file run-v9.cif (mmCIF, C-alpha atoms (C1' of nucleotides))
data_data
#
loop_
_atom_site.label_atom_id
_atom_site.label_comp_id
_atom_site.auth_asym_id
_atom_site.auth_seq_id
_atom_site.Cartn_x
_atom_site.Cartn_y
_atom_site.Cartn_z
CA MET A 1150 -44.82 36.67 -3.72
CA SER A 1151 -42.23 37.17 -1.05
CA GLN A 1152 -41.47 40.47 0.53
CA GLU A 1153 -38.18 40.50 -1.34
CA GLU A 1154 -39.84 39.97 -4.67
CA PHE A 1155 -42.25 42.74 -3.91
CA GLN A 1156 -39.38 45.07 -3.12
CA SER A 1157 -37.60 44.03 -6.30
CA LEU A 1158 -40.64 44.84 -8.34
CA LEU A 1159 -40.97 48.19 -6.65
CA HIS A 1160 -37.29 48.85 -7.19
CA PHE A 1161 -37.60 48.05 -10.86
CA PHE A 1162 -40.42 50.52 -11.33
CA LYS A 1163 -38.67 53.21 -9.36
CA VAL A 1164 -35.56 52.93 -11.47
CA LEU A 1165 -37.46 53.08 -14.74
CA ALA A 1166 -39.78 55.86 -13.61
CA ASP A 1167 -37.45 58.60 -14.75
CA GLU A 1168 -37.47 60.29 -18.10
CA ASN A 1169 -33.74 60.52 -18.54
CA ARG A 1170 -33.10 56.97 -17.44
CA LEU A 1171 -35.59 55.75 -20.01
CA LYS A 1172 -33.82 57.81 -22.64
CA LEU A 1173 -30.51 56.36 -21.55
CA LEU A 1174 -31.86 52.87 -22.12
CA GLY A 1175 -33.03 53.90 -25.54
CA ILE A 1176 -29.71 55.40 -26.50
CA LEU A 1177 -27.74 52.47 -25.18
CA ALA A 1178 -30.02 50.10 -27.05
CA SER A 1179 -28.35 51.25 -30.24
CA GLY A 1180 -24.83 50.67 -29.00
CA GLU A 1181 -22.33 51.51 -26.34
CA ARG A 1182 -21.61 55.10 -25.36
CA SER A 1183 -19.24 56.91 -23.06
CA VAL A 1184 -20.45 58.96 -20.14
CA GLU A 1185 -19.39 62.13 -21.87
CA GLU A 1186 -21.33 61.29 -25.00
CA LEU A 1187 -24.41 60.50 -22.96
CA ALA A 1188 -24.10 63.76 -21.07
CA THR A 1189 -23.95 65.68 -24.33
CA LEU A 1190 -26.87 63.81 -25.86
CA LEU A 1191 -29.14 64.36 -22.88
CA LYS A 1192 -27.86 67.85 -22.12
CA LEU A 1193 -26.93 66.87 -18.59
CA LYS A 1194 -23.70 67.05 -16.64
CA ALA A 1195 -21.52 63.98 -16.35
CA PRO A 1196 -22.19 63.39 -12.63
CA THR A 1197 -25.88 63.23 -13.32
CA ILE A 1198 -25.29 60.61 -15.98
CA SER A 1199 -23.11 58.65 -13.58
CA HIS A 1200 -25.90 58.78 -11.06
CA HIS A 1201 -28.46 57.43 -13.52
CA LEU A 1202 -26.14 54.75 -14.81
CA ALA A 1203 -25.49 53.63 -11.25
CA ARG A 1204 -29.20 53.25 -10.69
CA LEU A 1205 -29.62 51.28 -13.90
CA LYS A 1206 -26.73 49.10 -12.87
CA GLU A 1207 -28.47 48.23 -9.62
CA LEU A 1208 -30.80 46.21 -11.80
CA ASN A 1209 -28.02 44.97 -14.08
CA LEU A 1210 -29.75 46.64 -16.97
CA VAL A 1211 -26.46 48.07 -18.23
CA GLY A 1212 -22.91 46.85 -18.48
CA MET A 1213 -19.68 48.81 -18.57
CA ARG A 1214 -16.19 48.43 -19.97
CA ALA A 1215 -13.32 50.77 -19.33
CA ASP A 1216 -11.01 51.92 -22.07
CA GLY A 1217 -8.44 54.13 -20.42
CA ASN A 1218 -10.34 56.81 -18.61
CA THR A 1219 -13.35 56.38 -20.79
CA HIS A 1220 -16.15 54.17 -19.53
CA TYR A 1221 -18.37 52.69 -22.18
CA TYR A 1222 -21.86 51.60 -21.14
CA TRP A 1223 -24.23 49.37 -23.03
CA LEU A 1224 -27.73 48.04 -22.58
CA ASP A 1225 -28.20 44.49 -21.41
CA ALA A 1226 -31.39 44.06 -23.41
CA GLU A 1227 -31.73 40.47 -22.31
CA ALA A 1228 -31.78 41.45 -18.66
CA LEU A 1229 -34.36 44.10 -19.37
CA HIS A 1230 -36.59 41.74 -21.22
CA THR A 1231 -36.41 38.83 -18.81
CA THR A 1232 -36.91 41.10 -15.84
CA ASN A 1233 -39.90 42.59 -17.54
CA LYS A 1234 -41.34 39.21 -18.40
CA LEU A 1235 -40.95 37.95 -14.86
CA LEU A 1236 -42.58 40.93 -13.34
CA LEU A 1237 -46.11 41.60 -14.25
CA THR A 1238 -47.65 38.22 -14.77
CA PRO A 1239 -51.20 38.01 -13.49
CA GLN A 1240 -50.19 35.48 -10.88
CA LYS A 1241 -47.60 37.85 -9.51
CA MET A 1242 -50.11 40.61 -9.35
CA ALA A 1243 -52.68 38.44 -7.67
CA SER A 1244 -50.20 37.50 -4.98
CA LEU A 1245 -48.66 40.92 -4.70
CA VAL A 1246 -49.84 41.47 -1.19
CA ASP A 1247 -50.15 38.11 0.43
CA ASP A 1248 -48.58 39.55 3.50
CA VAL A 1249 -50.77 42.60 3.63
CA ARG A 1250 -53.86 40.56 3.05
CA GLY A 1251 -52.59 38.20 5.72
CA ASP A 1252 -52.31 40.36 8.77
CA ALA A 1253 -54.82 42.78 7.40
CA TRP A 1254 -57.35 40.05 7.57
CA GLU A 1255 -56.40 39.36 11.14
CA ARG A 1256 -56.78 43.01 11.98
CA LYS A 1257 -60.17 42.96 10.39
CA VAL A 1258 -61.20 39.98 12.48
CA LEU A 1259 -59.99 41.70 15.63
CA LYS A 1260 -61.79 44.84 14.64
CA ASP A 1261 -64.97 42.91 14.02
CA PHE A 1262 -65.00 40.96 17.25
CA PHE A 1263 -63.58 43.46 19.67
CA GLU A 1264 -65.38 46.45 21.04
CA GLY A 1265 -62.39 48.33 22.33
CA THR A 1266 -60.61 45.77 24.46
CA ARG A 1267 -63.79 43.82 25.12
CA LEU A 1268 -64.65 40.70 23.10
CA LYS A 1269 -68.17 40.99 21.72
CA GLU A 1270 -68.39 37.26 21.04
CA ILE A 1271 -66.14 34.32 20.43
CA PRO A 1272 -66.03 33.57 16.69
CA ALA A 1273 -67.33 30.16 15.71
CA SER A 1274 -64.98 29.81 12.76
CA PRO A 1275 -61.77 28.08 13.86
CA LYS A 1276 -59.62 30.43 11.84
CA LYS A 1277 -61.12 33.54 13.33
CA ARG A 1278 -61.09 31.99 16.78
CA GLY A 1279 -57.39 31.35 16.25
CA VAL A 1280 -56.79 35.02 15.62
CA ILE A 1281 -58.64 35.97 18.78
CA LEU A 1282 -56.79 33.41 20.86
CA LYS A 1283 -53.43 34.61 19.58
CA TRP A 1284 -54.37 38.12 20.62
CA LEU A 1285 -55.43 36.93 24.05
CA ALA A 1286 -52.19 34.99 24.50
CA ASN A 1287 -50.37 38.23 23.82
CA GLN A 1288 -51.88 39.64 26.98
CA PHE A 1289 -49.57 37.33 28.93
CA GLU A 1290 -45.88 37.89 29.35
CA TYR A 1291 -43.25 35.40 28.39
CA ASN A 1292 -41.29 33.75 31.18
CA VAL A 1293 -43.91 34.47 33.77
CA LEU A 1294 -45.86 31.88 35.74
CA TYR A 1295 -49.53 32.60 36.29
CA LYS A 1296 -51.86 30.98 38.79
CA GLU A 1297 -55.22 29.91 37.40
CA ALA A 1298 -56.94 32.75 39.20
CA GLN A 1299 -54.62 35.25 37.57
CA VAL A 1300 -55.25 33.77 34.15
CA ASN A 1301 -58.98 34.02 34.70
CA GLU A 1302 -58.69 37.56 35.90
CA ILE A 1303 -56.81 38.66 32.80
CA LEU A 1304 -59.13 36.81 30.45
CA GLN A 1305 -62.20 38.22 32.11
CA ARG A 1306 -61.10 41.71 31.20
CA HIS A 1307 -61.93 40.72 27.66
CA HIS A 1308 -64.72 38.17 27.94
CA GLU A 1309 -66.86 36.69 30.69
CA ASP A 1310 -66.29 33.08 29.71
CA SER A 1311 -62.71 32.89 30.90
CA ALA A 1312 -62.94 29.17 31.49
CA SER A 1313 -63.60 28.31 27.86
CA LEU A 1314 -60.93 30.65 26.67
CA ARG A 1315 -58.40 29.27 29.15
CA ARG A 1316 -59.17 25.75 28.04
CA GLU A 1317 -58.71 26.65 24.40
CA LEU A 1318 -55.44 28.41 24.99
CA ILE A 1319 -53.86 25.25 26.35
CA SER A 1320 -55.56 22.84 23.96
CA ALA A 1321 -53.21 20.68 21.93
CA ASN A 1322 -53.98 22.12 18.49
CA VAL A 1323 -53.69 25.69 19.72
CA GLY A 1324 -50.79 25.36 22.14
CA LEU A 1325 -50.41 29.01 22.93
CA MET A 1326 -50.08 28.32 26.65
CA GLN A 1327 -49.25 25.39 28.85
CA ARG A 1328 -50.29 24.19 32.28
CA GLU A 1329 -48.61 22.04 34.87
CA ASN A 1330 -49.62 21.60 38.51
CA GLY A 1331 -52.12 24.43 38.27
CA VAL A 1332 -49.52 26.88 36.96
CA TYR A 1333 -49.80 28.48 33.50
CA TRP A 1334 -47.22 30.03 31.21
CA ARG A 1335 -47.09 31.37 27.71
CA VAL A 1336 -45.47 29.22 25.02
CA ALA A 1337 -43.24 30.66 22.32
CA GLN A 1338 -44.62 30.07 18.86
CA VAL A 1339 -42.72 28.48 16.02
CA GLN A 1340 -42.28 31.11 13.35
CA ASP A 1341 -44.08 30.58 10.09
CA ALA A 1342 -41.87 30.25 7.06
CA VAL A 1343 -41.41 33.51 5.18
CA MET W 852 -41.60 55.08 -30.85
CA SER W 853 -43.50 58.29 -30.87
CA GLN W 854 -43.12 60.97 -28.30
CA GLU W 855 -46.59 60.14 -27.01
CA GLU W 856 -45.73 56.49 -26.58
CA PHE W 857 -42.61 57.43 -24.73
CA GLN W 858 -44.58 59.62 -22.38
CA SER W 859 -47.13 56.86 -21.86
CA LEU W 860 -44.41 54.46 -20.94
CA LEU W 861 -42.91 56.94 -18.53
CA HIS W 862 -46.32 57.62 -17.07
CA PHE W 863 -46.93 53.93 -16.55
CA PHE W 864 -43.70 53.51 -14.63
CA LYS W 865 -44.28 56.58 -12.55
CA VAL W 866 -47.69 55.37 -11.48
CA LEU W 867 -46.44 51.93 -10.54
CA ALA W 868 -43.32 53.21 -8.81
CA ASP W 869 -45.02 53.60 -5.47
CA GLU W 870 -45.16 51.05 -2.73
CA ASN W 871 -48.74 51.69 -1.69
CA ARG W 872 -50.06 51.77 -5.21
CA LEU W 873 -48.48 48.42 -5.88
CA LYS W 874 -50.10 47.09 -2.75
CA LEU W 875 -53.42 48.49 -3.87
CA LEU W 876 -53.14 46.59 -7.12
CA GLY W 877 -52.39 43.45 -5.20
CA ILE W 878 -55.33 43.88 -2.87
CA LEU W 879 -57.71 44.71 -5.67
CA ALA W 880 -56.50 41.70 -7.59
CA SER W 881 -58.37 39.56 -5.09
CA GLY W 882 -61.64 41.41 -5.46
CA GLU W 883 -63.31 44.78 -5.19
CA ARG W 884 -62.87 46.93 -2.11
CA SER W 885 -64.24 50.18 -0.82
CA VAL W 886 -62.03 53.17 -0.18
CA GLU W 887 -62.54 52.79 3.53
CA GLU W 888 -61.49 49.16 3.49
CA LEU W 889 -58.39 50.00 1.51
CA ALA W 890 -57.51 52.78 3.92
CA THR W 891 -57.78 50.35 6.82
CA LEU W 892 -55.74 47.68 5.07
CA LEU W 893 -52.90 50.03 4.18
CA LYS W 894 -53.09 52.11 7.36
CA LEU W 895 -53.57 55.30 5.40
CA LYS W 896 -56.22 57.99 5.46
CA ALA W 897 -59.03 57.89 2.94
CA PRO W 898 -57.88 60.95 0.97
CA THR W 899 -54.53 59.32 0.40
CA ILE W 900 -56.25 56.25 -0.97
CA SER W 901 -58.40 58.42 -3.20
CA HIS W 902 -55.26 60.06 -4.51
CA HIS W 903 -53.62 56.73 -5.33
CA LEU W 904 -56.75 55.34 -6.92
CA ALA W 905 -57.02 58.42 -9.08
CA ARG W 906 -53.49 57.86 -10.31
CA LEU W 907 -54.19 54.21 -11.06
CA LYS W 908 -57.30 55.25 -12.90
CA GLU W 909 -55.26 57.53 -15.16
CA LEU W 910 -53.99 54.32 -16.68
CA ASN W 911 -57.35 52.59 -16.51
CA LEU W 912 -55.81 49.98 -14.28
CA VAL W 913 -58.78 50.10 -11.93
CA GLY W 914 -62.51 50.44 -12.33
CA MET W 915 -65.08 51.80 -9.91
CA ARG W 916 -68.74 51.31 -9.16
CA ALA W 917 -70.76 53.36 -6.73
CA ASP W 918 -73.17 51.78 -4.30
CA GLY W 919 -74.77 54.61 -2.40
CA ASN W 920 -71.94 56.59 -0.92
CA THR W 921 -69.59 53.68 -1.06
CA HIS W 922 -67.24 53.43 -4.01
CA TYR W 923 -65.99 49.98 -4.84
CA TYR W 924 -62.80 49.69 -6.83
CA TRP W 925 -61.46 46.67 -8.67
CA LEU W 926 -58.39 45.79 -10.68
CA ASP W 927 -58.65 45.65 -14.44
CA ALA W 928 -56.12 42.85 -14.71
CA GLU W 929 -56.51 42.67 -18.44
CA ALA W 930 -55.54 46.30 -18.85
CA LEU W 931 -52.54 45.78 -16.64
CA HIS W 932 -51.39 42.78 -18.55
CA THR W 933 -51.84 44.14 -22.04
CA THR W 934 -50.21 47.40 -21.10
CA ASN W 935 -47.31 45.51 -19.69
CA LYS W 936 -46.96 43.32 -22.75
CA LEU W 937 -46.92 46.29 -25.07
CA LEU W 938 -44.35 48.12 -23.12
CA LEU W 939 -40.92 46.71 -22.89
CA THR W 940 -40.39 44.76 -26.06
CA PRO W 941 -36.83 45.02 -27.32
CA GLN W 942 -37.97 46.83 -30.46
CA LYS W 943 -39.65 49.48 -28.38
CA MET W 944 -36.55 49.93 -26.33
CA ALA W 945 -34.33 50.14 -29.37
CA SER W 946 -36.44 52.89 -30.81
CA LEU W 947 -36.99 54.73 -27.56
CA VAL W 948 -35.04 57.72 -28.70
CA ASP W 949 -35.01 57.74 -32.45
CA ASP W 950 -34.33 61.40 -32.50
CA VAL W 951 -31.14 61.16 -30.49
CA ARG W 952 -29.63 58.17 -32.23
CA GLY W 953 -26.59 57.83 -34.45
CA ASP W 954 -24.19 60.69 -34.89
CA ALA W 955 -26.35 63.03 -32.90
CA TRP W 956 -23.43 63.46 -30.61
CA GLU W 957 -21.23 64.76 -33.39
CA ARG W 958 -23.95 67.12 -34.53
CA LYS W 959 -24.21 68.36 -30.99
CA VAL W 960 -20.50 69.01 -30.79
CA LEU W 961 -20.60 70.93 -34.05
CA LYS W 962 -23.59 72.91 -32.88
CA ASP W 963 -21.85 73.72 -29.61
CA PHE W 964 -18.59 74.92 -31.10
CA PHE W 965 -19.78 76.64 -34.23
CA GLU W 966 -21.43 80.00 -34.39
CA GLY W 967 -22.85 79.70 -37.84
CA THR W 968 -19.82 78.74 -39.90
CA ARG W 969 -17.43 80.35 -37.46
CA LEU W 970 -15.60 78.26 -34.86
CA LYS W 971 -16.09 79.80 -31.42
CA GLU W 972 -13.19 77.88 -29.95
CA ILE W 973 -11.21 74.74 -30.54
CA PRO W 974 -12.33 72.02 -28.13
CA ALA W 975 -9.65 70.75 -25.77
CA SER W 976 -11.04 67.24 -25.62
CA PRO W 977 -9.42 65.06 -28.29
CA LYS W 978 -12.72 63.45 -29.18
CA LYS W 979 -14.55 66.69 -29.73
CA ARG W 980 -11.55 68.18 -31.53
CA GLY W 981 -11.66 65.18 -33.80
CA VAL W 982 -15.22 65.97 -34.74
CA ILE W 983 -14.32 69.56 -35.55
CA LEU W 984 -11.31 68.57 -37.58
CA LYS W 985 -13.34 66.11 -39.59
CA TRP W 986 -15.78 68.87 -40.40
CA LEU W 987 -12.98 71.20 -41.41
CA ALA W 988 -11.43 68.55 -43.63
CA ASN W 989 -14.79 68.35 -45.36
CA GLN W 990 -14.31 71.91 -46.53
CA PHE W 991 -11.62 70.62 -48.88
CA GLU W 992 -12.38 68.69 -52.02
CA TYR W 993 -10.97 65.31 -52.77
CA ASN W 994 -8.42 65.04 -55.55
CA VAL W 995 -7.50 68.69 -55.39
CA LEU W 996 -4.06 70.07 -54.54
CA TYR W 997 -4.00 73.16 -52.31
CA LYS W 998 -1.14 75.53 -51.73
CA GLU W 999 -0.51 76.41 -48.08
CA ALA W 1000 -1.88 79.90 -48.63
CA GLN W 1001 -5.13 78.43 -49.94
CA VAL W 1002 -5.41 76.08 -46.99
CA ASN W 1003 -4.93 78.96 -44.62
CA GLU W 1004 -7.46 81.05 -46.44
CA ILE W 1005 -10.12 78.36 -46.18
CA LEU W 1006 -9.37 77.59 -42.56
CA GLN W 1007 -9.42 81.24 -41.61
CA ARG W 1008 -13.03 81.47 -42.73
CA HIS W 1009 -13.76 79.38 -39.65
CA HIS W 1010 -11.08 80.25 -37.14
CA GLU W 1011 -8.22 82.70 -36.88
CA ASP W 1012 -5.63 80.17 -35.81
CA SER W 1013 -5.34 78.50 -39.20
CA ALA W 1014 -1.77 77.42 -38.51
CA SER W 1015 -2.72 75.21 -35.56
CA LEU W 1016 -5.64 73.75 -37.40
CA ARG W 1017 -3.56 73.04 -40.48
CA ARG W 1018 -0.93 71.32 -38.40
CA GLU W 1019 -3.52 69.16 -36.68
CA LEU W 1020 -5.16 68.16 -39.92
CA ILE W 1021 -1.97 66.61 -41.15
CA SER W 1022 -0.80 65.20 -37.82
CA ALA W 1023 -0.19 61.48 -37.83
CA ASN W 1024 -2.98 60.43 -35.48
CA VAL W 1025 -5.52 62.59 -37.27
CA GLY W 1026 -4.41 62.08 -40.83
CA LEU W 1027 -7.25 63.89 -42.50
CA MET W 1028 -4.91 65.66 -44.90
CA GLN W 1029 -1.39 65.22 -46.18
CA ARG W 1030 1.41 67.53 -47.25
CA GLU W 1031 4.32 67.14 -49.59
CA ASN W 1032 6.58 69.87 -50.98
CA GLY W 1033 4.31 72.59 -49.65
CA VAL W 1034 1.25 71.13 -51.33
CA TYR W 1035 -1.77 69.80 -49.40
CA TRP W 1036 -4.52 67.35 -50.26
CA ARG W 1037 -7.37 65.66 -48.52
CA VAL W 1038 -7.02 62.02 -47.51
CA ALA W 1039 -9.87 59.52 -47.78
CA GLN W 1040 -10.82 58.04 -44.42
CA VAL W 1041 -11.07 54.37 -43.65
CA GLN W 1042 -14.58 53.79 -42.36
CA ASP W 1043 -14.95 52.66 -38.79
CA ALA W 1044 -16.77 49.44 -38.30
CA VAL W 1045 -20.36 49.94 -37.15
"C1'" DC R 1148 6.83 63.78 -11.73
"C1'" DT R 1149 3.40 66.92 -13.55
"C1'" DT R 1150 -0.58 67.96 -16.11
"C1'" DC R 1151 -4.80 67.07 -18.41
"C1'" DT R 1152 -8.97 64.48 -19.34
"C1'" DA R 1153 -12.87 61.20 -17.90
"C1'" DA R 1154 -15.36 59.49 -14.47
"C1'" DT R 1155 -17.00 58.97 -9.87
"C1'" DT R 1156 -18.12 60.57 -5.17
"C1'" DA R 1157 -19.72 64.01 -1.78
"C1'" DG R 1158 -22.54 67.61 -0.52
"C1'" DA R 1159 -26.02 71.26 -1.46
"C1'" DT R 1160 -30.25 72.65 -3.55
"C1'" DA R 1161 -34.59 72.47 -5.81
"C1'" DT R 1162 -38.44 70.10 -7.54
"C1'" DG R 1163 -41.99 66.59 -7.35
"C1'" DT R 1164 -45.23 64.16 -4.89
"C1'" DA R 1165 -47.12 61.26 -0.92
"C1'" DT R 1166 -49.53 62.26 2.95
"C1'" DC R 1167 -52.08 64.76 6.09
"C1'" DT R 1168 -56.03 68.09 7.77
"C1'" DA R 1169 -59.82 70.80 6.46
"C1'" DT R 1170 -63.56 71.54 3.45
"C1'" DG R 1171 -67.03 70.38 0.01
"C1'" DT R 1172 -70.38 67.01 -2.12
"C1'" DT R 1173 -73.48 63.30 -2.39
"C1'" DT R 1174 -76.40 59.81 -0.50
"C1'" DA R 1175 -78.88 57.34 3.21
"C1'" DG R 1176 -81.52 57.46 7.07
"C1'" DA R 1177 -83.86 59.84 11.20
"C1'" DT T 68 -85.17 68.88 6.65
"C1'" DC T 69 -81.15 67.62 9.28
"C1'" DT T 70 -77.57 64.70 10.47
"C1'" DA T 71 -74.22 61.29 9.55
"C1'" DA T 72 -71.32 58.54 6.52
"C1'" DA T 73 -68.26 57.83 2.52
"C1'" DC T 74 -65.55 60.02 -0.85
"C1'" DA T 75 -63.44 63.63 -3.37
"C1'" DT T 76 -60.95 67.95 -3.64
"C1'" DA T 77 -57.93 71.74 -1.98
"C1'" DG T 78 -54.12 73.30 0.38
"C1'" DA T 79 -50.11 72.59 3.45
"C1'" DT T 80 -46.16 69.95 4.75
"C1'" DA T 81 -42.56 66.70 4.66
"C1'" DC T 82 -39.71 63.50 2.46
"C1'" DA T 83 -37.39 61.54 -1.60
"C1'" DT T 84 -34.43 62.32 -5.24
"C1'" DA T 85 -32.72 64.58 -9.70
"C1'" DT T 86 -29.44 67.80 -10.63
"C1'" DC T 87 -25.77 70.78 -9.98
"C1'" DT T 88 -20.85 72.30 -8.29
"C1'" DA T 89 -16.74 71.01 -6.01
"C1'" DA T 90 -13.53 67.66 -4.74
"C1'" DT T 91 -11.41 63.11 -5.61
"C1'" DT T 92 -9.60 59.12 -8.15
"C1'" DA T 93 -7.45 56.99 -12.08
"C1'" DG T 94 -5.41 56.79 -16.47
"C1'" DA T 95 -2.66 58.98 -20.51
"C1'" DA T 96 0.57 61.92 -22.31
"C1'" DG T 97 3.98 65.05 -22.12
#

call {"tool": "encode", "arguments": {"input": "run-v9.cif", "output": "structure tokens"}}
result
Amino acid sequence: MSQEEFQSLLHFFKVLADENRLKLLGILASGERSVEELATLLKLKAPTISHHLARLKELNLVGMRADGNTHYYWLDAEALHTTNKLLLTPQKMASLVDDVRGDAWERKVLKDFFEGTRLKEIPASPKKRGVILKWLANQFEYNVLYKEAQVNEILQRHHEDSASLRRELISANVGLMQRENGVYWRVAQVQDAV
Amino acid sequence: MSQEEFQSLLHFFKVLADENRLKLLGILASGERSVEELATLLKLKAPTISHHLARLKELNLVGMRADGNTHYYWLDAEALHTTNKLLLTPQKMASLVDDVRGDAWERKVLKDFFEGTRLKEIPASPKKRGVILKWLANQFEYNVLYKEAQVNEILQRHHEDSASLRRELISANVGLMQRENGVYWRVAQVQDAV
DNA sequence: CTTCTAATTAGATATGTATCTATGTTTAGA
DNA sequence: TCTAAACATAGATACATATCTAATTAGAAG
């Protein structure tokens, strides 16, 4: 589920999580009504009704036609039903927080393997090692050239085996840094698709 | 739909209308988690997580097991799904507000402008005035001829300004009554299409 | 053109609740 | 028995928003 879909779902719930808006949907389900009629039925002032109708319209749950000054609203039951059907499928729920789980997992890995800013050990698992290496690469600035000694010095702040780490950072399948003529620099990463 | 069902529906939406609670559902969909883990994942304090979990539990959307001091929560996906399926069917929506349906608006207008059988004032709004006039016309029998004095007498039971009311009742665009040679009678109304 | 009604928009207020800190409770381990 | 850890509960605060009044727009009717 994309971030947008998540926000849509949240939006949907927020709009429906109001007593008077739910009542409006119920009233409009039985036919179109003017703002004035709705205000009378719900014992609210017209501006309040306008406010609620505007929120329902954000989701296209209601439609409107103007007859002179009078605006008649009706329920788009189809929209309500399809929206509802799309929303809470188990698959959707299961993937509700791909993104959270994503970087949360990385945070967890970092938390597990770092003691403060010091690396307790280098994870054996490639995935976890990738997370650690990405973090280490972040300790270097973009558009700066580092001599090998400087690279080692920075890496050694976090782990004694700077040589291994340095080698991994420039390895082909990691590609977080590059080297040429004994000079190192950080490489911009291609963004993952969202 | 009963009042209780309506409140349940509202409750459901209110509980789900929160970003972090939605995220919790998503996280728990992938397996059980402790409160502490959830707090870390969502970058919130433990009491906040407890609060959200309590709200989710109101709807039985999550379950909990205790292992020592650690409380593991999980998603009851079945509960979520069945609840969702029950909720927004078109029939439910259509019957959301049985009590307010139909000519409730007209009843409301009558209630607002009548003090018992006495008209407090004549509404300015054409629509509301129409409702009042229809009610007044109902005070006259069909197939009976009334002299102007009789019409006035009946109207004055409900409002002092019988002359204005009488005039309106026979006006072209109202047409609830007719007059000829100083004699009045009630006119049958063509039913509006429903 | 002026006036009145219906609706929307803007701005103010009040209520609900998400979140935090502090405190209490339970369990595990020294 | 005492301490520490993991949660829950209580109380305080801050933010979101439902609702109102006042002002504005647009249409209808005199």

call {"tool": "resolve_selection", "arguments": {"input": "run-v9.cif", "expression": "the PyMOL selection byres ((chain A) within 9 of (chain T))", "output": "ChimeraX atom specification"}}
result
/A:1193-1194,1196-1197,1217-1218

call {"tool": "resolve_selection", "arguments": {"input": "run-v9.cif", "expression": "the PyMOL selection byres ((chain W and resi 923) around 10)", "output": "list in words"}}
result
Leu879, Gly882, Glu883, Arg884, Ser885, Val886, Glu887, Glu888, Leu889, Gly914, Met915, Arg916, Ala917, Asp918, Asn920, Thr921, His922, Tyr924 and Trp925 of chain W

call {"tool": "atom_distance", "arguments": {"input": "run-v9.cif", "atom1": "atom CA of Leu907 of chain W", "atom2": "atom CA of Leu867 of chain W"}}
result
8.1 Å

call {"tool": "interface_residues", "arguments": {"input": "run-v9.cif", "of": "chain R", "to": "chain A", "cutoff": "10 Å", "atoms": "only C-alpha atoms (C1' of nucleotides)", "output": "NGL selection string"}}
result
:R and (1152-1156)

call {"tool": "atom_distance", "arguments": {"input": "run-v9.cif", "atom1": "atom CA of Leu1016 of chain W", "atom2": "atom CA of Leu987 of chain W"}}
result
8.7 Å

call {"tool": "closest_residue", "arguments": {"input": "run-v9.cif", "among": "A:Glu1168, A:Asp1225, A:Glu1297, A:Glu1317", "to": "chain W", "atoms": "all atoms listed in the file"}}
result
A:Glu1168

call {"tool": "atom_distance", "arguments": {"input": "run-v9.cif", "atom1": "atom CA of His1201 of chain A", "atom2": "atom CA of Asn1169 of chain A"}}
result
7.9 Å
